[in-house]
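Take a look at the structure set out below.
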Amino acid sequence: MAIYTISDLHLSLGIDKPMDIFGVNWENHEKKIRKNWIEKVKEEDLVLLPGDFSWAMYINEAKADFEYLNELPGTKLLLKGNHDYWWESLKKMREFLQENNFKNIDFIYNNSYEFENYIIAGTRGWNLIAEGEEDKKIKERELLRLENSIKNGIEKYGKDKPIIVCMHYPPLLKDFKNSEFTKILEKYNTKYCIYGHLHGKSHVNVLEGNINGVNYKMASCDYTKFDLIKIV
């Protein structure tokens with residue numbers, strides 16, 4: 001059993017929001033992802049999707065996007081991104097999955113998950129430099145959610161299991177290697193941190209690799225050439 005990741009699918013199969021306006025590399029990107037996914041992922045594997053899954057404004061508008069995901073092999077865990085406006089309470093989202101018989105999808109939202117002796121935790125995150133009172137409040141909330149998610153996993157599944165954290169916003173950048181987010185990751189000896197959010201010219205800001213014991217991986221699909229990254 002393996003764990004893969006890919007982020008920022010920006011699907012719009014049920015609404016008119018084409019991604020090719022952002023460049024020719026985005027043409028038919030969902031077909032590229034499907035092809036790469038089927039070639040790699042087996043039914044017993046796990047795929048982490050840290051944010052910006054669908055352009056839909058409401059969860060019912062995202063039904064076609066969930067159908068696309070449900071038909072692909074593996075169990076999928078979704079995290080909220082800054083463009084996932086369809087996102088609702090965990091209870092309502094799980095009811096939506098049940099109503100539509102989507103059996104291999106779940107969410108990371110103020111909770112944690114266990115897979116093959118790994119703890120999966122995470123939160124959306126926020127801009128590293130928060131400007132203004134509202135920005136600061138959101139950032140503080142996301143820091144709290146990150147720590148609570150990790151603690152939840154340790155309490156439920158044990159303190160000796162390696163931790164994989166999913167975030168949407170990057171917890172660090174090439175010129176910003178330390179943040180309140182990285183301090184929490186290091187505090188709990190996080191093994192891997194996966195993030196997305198960065199596209200196009202912003203790829204110059206990507207920082208990956210082992211930093212203070214945490215292995216960082218950037219998973220935005222245009223950065224990975226619409227392929228999945230194997231974590232373990």
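Residue names in the structure tokens use chain letters A, B, ... in the order shown, residue numbers from 1 in each chain, and ligand numbers from 1 in the order shown.
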Counting only C-alpha atoms, which residues in segment 91-124 of chain A sit no more than 10 Å from segment 135-143 of chain A? For each one, give the nearest pair of atoms and the distance in Å, sorted by chain then residue number, as JSON lines.
```
{"residue": "A:Gly122", "atom": "CA", "partner": "A:Glu142", "partner_atom": "CA", "distance": 9.5}
{"residue": "A:Thr123", "atom": "CA", "partner": "A:Glu142", "partner_atom": "CA", "distance": 6.6}
{"residue": "A:Arg124", "atom": "CA", "partner": "A:Glu142", "partner_atom": "CA", "distance": 6.9}
```
Quiz item: Tell me, which residues of segment 98-216 of chain A carry DSSP alpha helix (DSSP H), written as an NGL selection string?
Solution: :A and (98-99 or 133-157 or 180-187)
Self-check item: Nearest-residue call for Asn60 of chain A, choices A:Phe96, A:Phe22, A:Tyr195, A:Tyr109, using only C-alpha atoms
Solution: A:Phe96
Exercise. Show which residues sit within 12 Å of Gly158 of chain A, as a PyMOL selection string. Count only C-alpha atoms, and ignore same-chain residues fewer than 3 positions away.
Key: chain A and resi 112-114+117-119+150-155+161-163
Quiz item: For Ile194 of chain A, which of A:Asn215, A:Asp16, A:Thr182, A:Lys174 is the closest residue, counting only C-alpha atoms?
Solution: A:Asn215
Self-check item: Proximity to Pro73 of chain A - best of A:Thr224, A:Asn36, A:Ser89, A:Gln98, only C-alpha atoms
Solution: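 Selected residue with least distance to Pro73 of chain A: A:Asn36.
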DSSP-assigned strand (DSSP E) members of segment 63-148 of chain A, reported as a tab-separated table (two decimals) with all heavy atoms, in the first residue's frame:
```tsv
chain	number	residue	atom	x	y	z
A	75	THR	N	-8.26	5.30	-1.98
A	75	THR	CA	-8.99	6.14	-1.03
A	75	THR	C	-8.46	7.56	-1.13
A	75	THR	O	-7.26	7.77	-1.24
A	75	THR	CB	-8.80	5.62	0.40
A	75	THR	OG1	-9.33	4.28	0.47
A	75	THR	CG2	-9.51	6.50	1.42
A	76	LYS	N	-9.36	8.54	-1.10
A	76	LYS	CA	-8.93	9.93	-1.25
A	76	LYS	C	-9.30	10.75	-0.02
A	76	LYS	O	-10.41	10.64	0.50
A	76	LYS	CB	-9.58	10.59	-2.48
A	76	LYS	CG	-9.30	9.88	-3.79
A	76	LYS	CD	-10.39	8.89	-4.12
A	76	LYS	CE	-10.07	8.14	-5.40
A	76	LYS	NZ	-11.17	7.23	-5.77
A	77	LEU	N	-8.36	11.57	0.42
A	77	LEU	CA	-8.60	12.49	1.53
A	77	LEU	C	-8.45	13.91	1.02
A	77	LEU	O	-7.40	14.28	0.50
A	77	LEU	CB	-7.59	12.25	2.65
A	77	LEU	CG	-7.84	11.11	3.63
A	77	LEU	CD1	-6.77	11.11	4.70
A	77	LEU	CD2	-9.22	11.22	4.27
A	78	LEU	N	-9.50	14.73	1.20
A	78	LEU	CA	-9.51	16.10	0.73
A	78	LEU	C	-9.32	17.08	1.88
A	78	LEU	O	-9.87	16.90	2.97
A	78	LEU	CB	-10.82	16.43	0.02
A	78	LEU	CG	-10.95	16.08	-1.46
A	78	LEU	CD1	-10.90	14.57	-1.66
A	78	LEU	CD2	-12.24	16.64	-2.05
A	79	LEU	N	-8.56	18.13	1.60
A	79	LEU	CA	-8.35	19.24	2.54
A	79	LEU	C	-8.89	20.51	1.88
A	79	LEU	O	-8.87	20.62	0.65
A	79	LEU	CB	-6.85	19.39	2.82
A	79	LEU	CG	-6.42	20.46	3.82
A	79	LEU	CD1	-6.47	19.89	5.24
A	79	LEU	CD2	-5.00	20.93	3.53
A	105	ILE	N	-14.00	8.41	-0.50
A	105	ILE	CA	-13.59	9.80	-0.30
A	105	ILE	C	-13.90	10.21	1.13
A	105	ILE	O	-14.93	9.84	1.69
A	105	ILE	CB	-14.34	10.75	-1.27
A	105	ILE	CG1	-14.11	10.32	-2.73
A	105	ILE	CG2	-13.91	12.19	-1.06
A	105	ILE	CD1	-14.99	11.06	-3.74
A	106	ASP	N	-13.00	10.98	1.73
A	106	ASP	CA	-13.25	11.56	3.05
A	106	ASP	C	-12.50	12.89	3.14
A	106	ASP	O	-11.84	13.31	2.19
A	106	ASP	CB	-12.84	10.60	4.16
A	106	ASP	CG	-13.59	10.86	5.47
A	106	ASP	OD1	-14.37	11.83	5.54
A	106	ASP	OD2	-13.38	10.11	6.44
A	107	PHE	N	-12.59	13.54	4.29
A	107	PHE	CA	-12.06	14.89	4.45
A	107	PHE	C	-11.18	15.01	5.69
A	107	PHE	O	-11.42	14.35	6.70
A	107	PHE	CB	-13.21	15.89	4.58
A	107	PHE	CG	-14.22	15.79	3.46
A	107	PHE	CD1	-15.36	15.02	3.61
A	107	PHE	CD2	-14.01	16.45	2.26
A	107	PHE	CE1	-16.28	14.92	2.59
A	107	PHE	CE2	-14.93	16.36	1.23
A	107	PHE	CZ	-16.07	15.59	1.39
A	113	TYR	N	-6.53	11.14	10.61
A	113	TYR	CA	-6.82	9.91	9.89
A	113	TYR	C	-5.62	8.99	10.05
A	113	TYR	O	-4.49	9.45	10.17
A	113	TYR	CB	-7.03	10.26	8.41
A	113	TYR	CG	-7.64	9.20	7.55
A	113	TYR	CD1	-9.02	9.08	7.42
A	113	TYR	CD2	-6.84	8.32	6.81
A	113	TYR	CE1	-9.59	8.12	6.60
A	113	TYR	CE2	-7.41	7.36	5.98
A	113	TYR	CZ	-8.79	7.27	5.87
A	113	TYR	OH	-9.34	6.33	5.06
A	114	GLU	N	-5.85	7.69	10.04
A	114	GLU	CA	-4.75	6.73	10.12
A	114	GLU	C	-4.73	5.87	8.86
A	114	GLU	O	-5.77	5.41	8.40
A	114	GLU	CB	-4.89	5.84	11.35
A	114	GLU	CG	-3.71	4.88	11.52
A	114	GLU	CD	-3.93	3.89	12.65
A	114	GLU	OE1	-5.10	3.54	12.92
A	114	GLU	OE2	-2.93	3.46	13.26
A	115	PHE	N	-3.54	5.69	8.32
A	115	PHE	CA	-3.38	4.82	7.16
A	115	PHE	C	-2.03	4.13	7.23
A	115	PHE	O	-0.99	4.79	7.26
A	115	PHE	CB	-3.49	5.62	5.85
A	115	PHE	CG	-3.40	4.77	4.61
A	115	PHE	CD1	-4.53	4.13	4.12
A	115	PHE	CD2	-2.20	4.61	3.95
A	115	PHE	CE1	-4.46	3.35	2.98
A	115	PHE	CE2	-2.11	3.83	2.81
A	115	PHE	CZ	-3.25	3.20	2.31
A	118	TYR	N	0.56	5.34	9.54
A	118	TYR	CA	0.85	6.77	9.47
A	118	TYR	C	-0.34	7.56	10.00
A	118	TYR	O	-1.50	7.19	9.76
A	118	TYR	CB	1.13	7.21	8.02
A	118	TYR	CG	2.51	6.86	7.53
A	118	TYR	CD1	2.79	5.61	7.00
A	118	TYR	CD2	3.55	7.79	7.61
A	118	TYR	CE1	4.06	5.28	6.55
A	118	TYR	CE2	4.82	7.47	7.16
A	118	TYR	CZ	5.07	6.22	6.64
A	118	TYR	OH	6.34	5.90	6.21
A	119	ILE	N	-0.05	8.65	10.67
A	119	ILE	CA	-1.08	9.61	11.08
A	119	ILE	C	-1.15	10.70	10.02
A	119	ILE	O	-0.13	11.30	9.66
A	119	ILE	CB	-0.76	10.22	12.46
A	119	ILE	CG1	-0.83	9.16	13.55
A	119	ILE	CG2	-1.72	11.37	12.77
A	119	ILE	CD1	-0.30	9.64	14.90
A	120	ILE	N	-2.36	10.96	9.52
A	120	ILE	CA	-2.58	12.03	8.54
A	120	ILE	C	-3.32	13.15	9.27
A	120	ILE	O	-4.39	12.94	9.83
A	120	ILE	CB	-3.41	11.56	7.34
A	120	ILE	CG1	-2.95	10.19	6.84
A	120	ILE	CG2	-3.39	12.62	6.25
A	120	ILE	CD1	-1.58	10.15	6.24
A	121	ALA	N	-2.74	14.34	9.24
A	121	ALA	CA	-3.35	15.50	9.89
A	121	ALA	C	-3.23	16.70	8.96
A	121	ALA	O	-2.64	16.60	7.89
A	121	ALA	CB	-2.67	15.78	11.23
A	122	GLY	N	-3.79	17.85	9.38
A	122	GLY	CA	-3.60	19.03	8.56
A	122	GLY	C	-4.65	20.09	8.71
A	122	GLY	O	-5.67	19.92	9.39
A	123	THR	N	-4.41	21.20	8.03
A	123	THR	CA	-5.34	22.32	7.96
A	123	THR	C	-5.00	23.17	6.75
A	123	THR	O	-3.94	22.99	6.14
A	123	THR	CB	-5.28	23.16	9.25
A	123	THR	OG1	-6.39	24.08	9.28
A	123	THR	CG2	-3.99	23.97	9.33
```
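You can rank A:Lys201, A:His168, A:Lys31, A:Lys91 by their closest distance to Lys217 of chain A using only C-alpha atoms, and at the top of that list sits A:His168.
Atom CA of Lys177 of chain A sits 10.1 Å away from atom CA of Asn212 of chain A.
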Quiz item: Which neighbours of Gly74 of chain A fall inside 10 Å, counting only C-alpha atoms, when residues of the same chain fewer than 2 positions from it are skipped, and could you give them as a PyMOL selection string?
Solution: chain A and resi 1-4+37-38+41-47+69-72+76-77+104-105
Quiz item: When you draw a straight line from atom CA of Leu48 of chain A to atom CA of Gly81 of chain A, how long is it in Å?
Solution: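 Pair atom CA of Leu48 of chain A / atom CA of Gly81 of chain A returns 12.8 Å.
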Would you kindly return, as a PDB file with all heavy atoms, in the first residue's frame, each protein, DNA or RNA residue with an atom no farther than 9 Å from any atom of Leu185 of chain A, considering only C-alpha atoms and excluding same-chain residues fewer than 3 positions away?
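Final file, part.pdb:
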```
ATOM      1  N   LEU A 146      -4.073  23.419  13.137  1.00  0.00           N
ATOM      2  CA  LEU A 146      -2.974  22.529  12.788  1.00  0.00           C
ATOM      3  C   LEU A 146      -2.531  21.728  14.009  1.00  0.00           C
ATOM      4  O   LEU A 146      -2.412  20.496  13.959  1.00  0.00           O
ATOM      5  CB  LEU A 146      -1.800  23.327  12.221  1.00  0.00           C
ATOM      6  CG  LEU A 146      -0.519  22.529  11.956  1.00  0.00           C
ATOM      7  CD1 LEU A 146      -0.774  21.409  10.953  1.00  0.00           C
ATOM      8  CD2 LEU A 146       0.591  23.454  11.478  1.00  0.00           C
ATOM      9  N   GLU A 147      -2.302  22.430  15.106  1.00  0.00           N
ATOM     10  CA  GLU A 147      -1.832  21.742  16.310  1.00  0.00           C
ATOM     11  C   GLU A 147      -2.887  20.779  16.846  1.00  0.00           C
ATOM     12  O   GLU A 147      -2.568  19.657  17.247  1.00  0.00           O
ATOM     13  CB  GLU A 147      -1.428  22.752  17.385  1.00  0.00           C
ATOM     14  CG  GLU A 147      -0.762  22.114  18.579  1.00  0.00           C
ATOM     15  CD  GLU A 147       0.132  23.061  19.358  1.00  0.00           C
ATOM     16  OE1 GLU A 147      -0.057  24.288  19.243  1.00  0.00           O
ATOM     17  OE2 GLU A 147       1.024  22.557  20.057  1.00  0.00           O
ATOM     18  N   ILE A 150      -3.001  17.559  14.722  1.00  0.00           N
ATOM     19  CA  ILE A 150      -1.878  16.663  15.046  1.00  0.00           C
ATOM     20  C   ILE A 150      -2.101  15.991  16.400  1.00  0.00           C
ATOM     21  O   ILE A 150      -1.922  14.776  16.544  1.00  0.00           O
ATOM     22  CB  ILE A 150      -0.552  17.440  15.032  1.00  0.00           C
ATOM     23  CG1 ILE A 150      -0.243  17.952  13.616  1.00  0.00           C
ATOM     24  CG2 ILE A 150       0.594  16.558  15.532  1.00  0.00           C
ATOM     25  CD1 ILE A 150       0.950  18.892  13.550  1.00  0.00           C
ATOM     26  N   VAL A 165       1.508  15.691   7.425  1.00  0.00           N
ATOM     27  CA  VAL A 165       0.641  16.859   7.525  1.00  0.00           C
ATOM     28  C   VAL A 165       0.334  17.382   6.126  1.00  0.00           C
ATOM     29  O   VAL A 165       1.237  17.558   5.301  1.00  0.00           O
ATOM     30  CB  VAL A 165       1.276  17.967   8.381  1.00  0.00           C
ATOM     31  CG1 VAL A 165       0.564  19.306   8.166  1.00  0.00           C
ATOM     32  CG2 VAL A 165       1.214  17.587   9.856  1.00  0.00           C
ATOM     33  N   GLU A 180       5.552  30.237  12.089  1.00  0.00           N
ATOM     34  CA  GLU A 180       4.844  29.617  13.213  1.00  0.00           C
ATOM     35  C   GLU A 180       4.350  28.218  12.838  1.00  0.00           C
ATOM     36  O   GLU A 180       4.253  27.340  13.689  1.00  0.00           O
ATOM     37  CB  GLU A 180       3.656  30.486  13.640  1.00  0.00           C
ATOM     38  CG  GLU A 180       4.058  31.813  14.254  1.00  0.00           C
ATOM     39  CD  GLU A 180       3.893  32.965  13.279  1.00  0.00           C
ATOM     40  OE1 GLU A 180       4.234  32.772  12.089  1.00  0.00           O
ATOM     41  OE2 GLU A 180       3.413  34.032  13.698  1.00  0.00           O
ATOM     42  N   PHE A 181       4.040  28.027  11.553  1.00  0.00           N
ATOM     43  CA  PHE A 181       3.586  26.708  11.090  1.00  0.00           C
ATOM     44  C   PHE A 181       4.716  25.689  11.153  1.00  0.00           C
ATOM     45  O   PHE A 181       4.522  24.559  11.611  1.00  0.00           O
ATOM     46  CB  PHE A 181       3.028  26.805   9.669  1.00  0.00           C
ATOM     47  CG  PHE A 181       1.755  27.582   9.565  1.00  0.00           C
ATOM     48  CD1 PHE A 181       1.739  28.863   9.034  1.00  0.00           C
ATOM     49  CD2 PHE A 181       0.554  27.039  10.004  1.00  0.00           C
ATOM     50  CE1 PHE A 181       0.566  29.591   8.941  1.00  0.00           C
ATOM     51  CE2 PHE A 181      -0.636  27.762   9.910  1.00  0.00           C
ATOM     52  CZ  PHE A 181      -0.631  29.040   9.380  1.00  0.00           C
ATOM     53  N   THR A 182       5.906  26.062  10.678  1.00  0.00           N
ATOM     54  CA  THR A 182       7.026  25.113  10.695  1.00  0.00           C
ATOM     55  C   THR A 182       7.415  24.758  12.126  1.00  0.00           C
ATOM     56  O   THR A 182       7.837  23.630  12.400  1.00  0.00           O
ATOM     57  CB  THR A 182       8.244  25.662   9.943  1.00  0.00           C
ATOM     58  OG1 THR A 182       8.713  26.862  10.574  1.00  0.00           O
ATOM     59  CG2 THR A 182       7.916  25.950   8.491  1.00  0.00           C
ATOM     60  N   TYR A 188       6.193  18.478  16.799  1.00  0.00           N
ATOM     61  CA  TYR A 188       5.593  17.148  16.859  1.00  0.00           C
ATOM     62  C   TYR A 188       6.312  16.141  15.956  1.00  0.00           C
ATOM     63  O   TYR A 188       5.772  15.089  15.631  1.00  0.00           O
ATOM     64  CB  TYR A 188       4.103  17.235  16.499  1.00  0.00           C
ATOM     65  CG  TYR A 188       3.311  17.989  17.545  1.00  0.00           C
ATOM     66  CD1 TYR A 188       3.011  19.339  17.382  1.00  0.00           C
ATOM     67  CD2 TYR A 188       2.898  17.366  18.716  1.00  0.00           C
ATOM     68  CE1 TYR A 188       2.312  20.043  18.341  1.00  0.00           C
ATOM     69  CE2 TYR A 188       2.185  18.053  19.687  1.00  0.00           C
ATOM     70  CZ  TYR A 188       1.894  19.390  19.498  1.00  0.00           C
ATOM     71  OH  TYR A 188       1.205  20.082  20.467  1.00  0.00           O
ATOM     72  N   ASN A 189       7.540  16.482  15.571  1.00  0.00           N
ATOM     73  CA  ASN A 189       8.377  15.567  14.772  1.00  0.00           C
ATOM     74  C   ASN A 189       7.657  15.065  13.524  1.00  0.00           C
ATOM     75  O   ASN A 189       7.695  13.874  13.192  1.00  0.00           O
ATOM     76  CB  ASN A 189       8.830  14.378  15.624  1.00  0.00           C
ATOM     77  CG  ASN A 189       9.683  14.815  16.804  1.00  0.00           C
ATOM     78  OD1 ASN A 189      10.593  15.620  16.657  1.00  0.00           O
ATOM     79  ND2 ASN A 189       9.371  14.292  17.985  1.00  0.00           N
ATOM     80  N   THR A 190       6.983  15.983  12.842  1.00  0.00           N
ATOM     81  CA  THR A 190       6.296  15.641  11.599  1.00  0.00           C
ATOM     82  C   THR A 190       7.297  15.098  10.585  1.00  0.00           C
ATOM     83  O   THR A 190       8.362  15.680  10.384  1.00  0.00           O
ATOM     84  CB  THR A 190       5.593  16.890  11.027  1.00  0.00           C
ATOM     85  OG1 THR A 190       4.677  17.387  12.006  1.00  0.00           O
ATOM     86  CG2 THR A 190       4.854  16.562   9.747  1.00  0.00           C
ATOM     87  N   LYS A 191       6.941  13.995   9.939  1.00  0.00           N
ATOM     88  CA  LYS A 191       7.856  13.377   8.973  1.00  0.00           C
ATOM     89  C   LYS A 191       7.733  14.020   7.583  1.00  0.00           C
ATOM     90  O   LYS A 191       8.730  14.286   6.917  1.00  0.00           O
ATOM     91  CB  LYS A 191       7.595  11.878   8.884  1.00  0.00           C
ATOM     92  CG  LYS A 191       8.652  11.132   8.069  1.00  0.00           C
ATOM     93  CD  LYS A 191       8.501   9.641   8.210  1.00  0.00           C
ATOM     94  CE  LYS A 191       9.575   8.881   7.432  1.00  0.00           C
ATOM     95  NZ  LYS A 191      10.937   9.164   7.933  1.00  0.00           N
ATOM     96  N   TYR A 192       6.477  14.229   7.154  1.00  0.00           N
ATOM     97  CA  TYR A 192       6.244  14.833   5.837  1.00  0.00           C
ATOM     98  C   TYR A 192       5.233  15.967   5.964  1.00  0.00           C
ATOM     99  O   TYR A 192       4.269  15.865   6.723  1.00  0.00           O
ATOM    100  CB  TYR A 192       5.677  13.807   4.849  1.00  0.00           C
ATOM    101  CG  TYR A 192       6.604  12.665   4.537  1.00  0.00           C
ATOM    102  CD1 TYR A 192       6.447  11.429   5.170  1.00  0.00           C
ATOM    103  CD2 TYR A 192       7.626  12.799   3.602  1.00  0.00           C
ATOM    104  CE1 TYR A 192       7.278  10.368   4.895  1.00  0.00           C
ATOM    105  CE2 TYR A 192       8.470  11.743   3.315  1.00  0.00           C
ATOM    106  CZ  TYR A 192       8.294  10.529   3.964  1.00  0.00           C
ATOM    107  OH  TYR A 192       9.133   9.476   3.687  1.00  0.00           O
ATOM    108  N   CYS A 193       5.434  17.012   5.185  1.00  0.00           N
ATOM    109  CA  CYS A 193       4.436  18.075   5.047  1.00  0.00           C
ATOM    110  C   CYS A 193       4.224  18.324   3.561  1.00  0.00           C
ATOM    111  O   CYS A 193       5.171  18.638   2.825  1.00  0.00           O
ATOM    112  CB  CYS A 193       4.866  19.356   5.737  1.00  0.00           C
ATOM    113  SG  CYS A 193       3.664  20.705   5.526  1.00  0.00           S
ATOM    114  N   VAL A 214      11.780  17.819   8.821  1.00  0.00           N
ATOM    115  CA  VAL A 214      10.498  17.704   8.124  1.00  0.00           C
ATOM    116  C   VAL A 214      10.751  17.664   6.623  1.00  0.00           C
ATOM    117  O   VAL A 214      11.459  18.523   6.085  1.00  0.00           O
ATOM    118  CB  VAL A 214       9.557  18.879   8.460  1.00  0.00           C
ATOM    119  CG1 VAL A 214       8.206  18.687   7.767  1.00  0.00           C
ATOM    120  CG2 VAL A 214       9.375  19.027   9.961  1.00  0.00           C
TER     121      VAL A 214
END
```
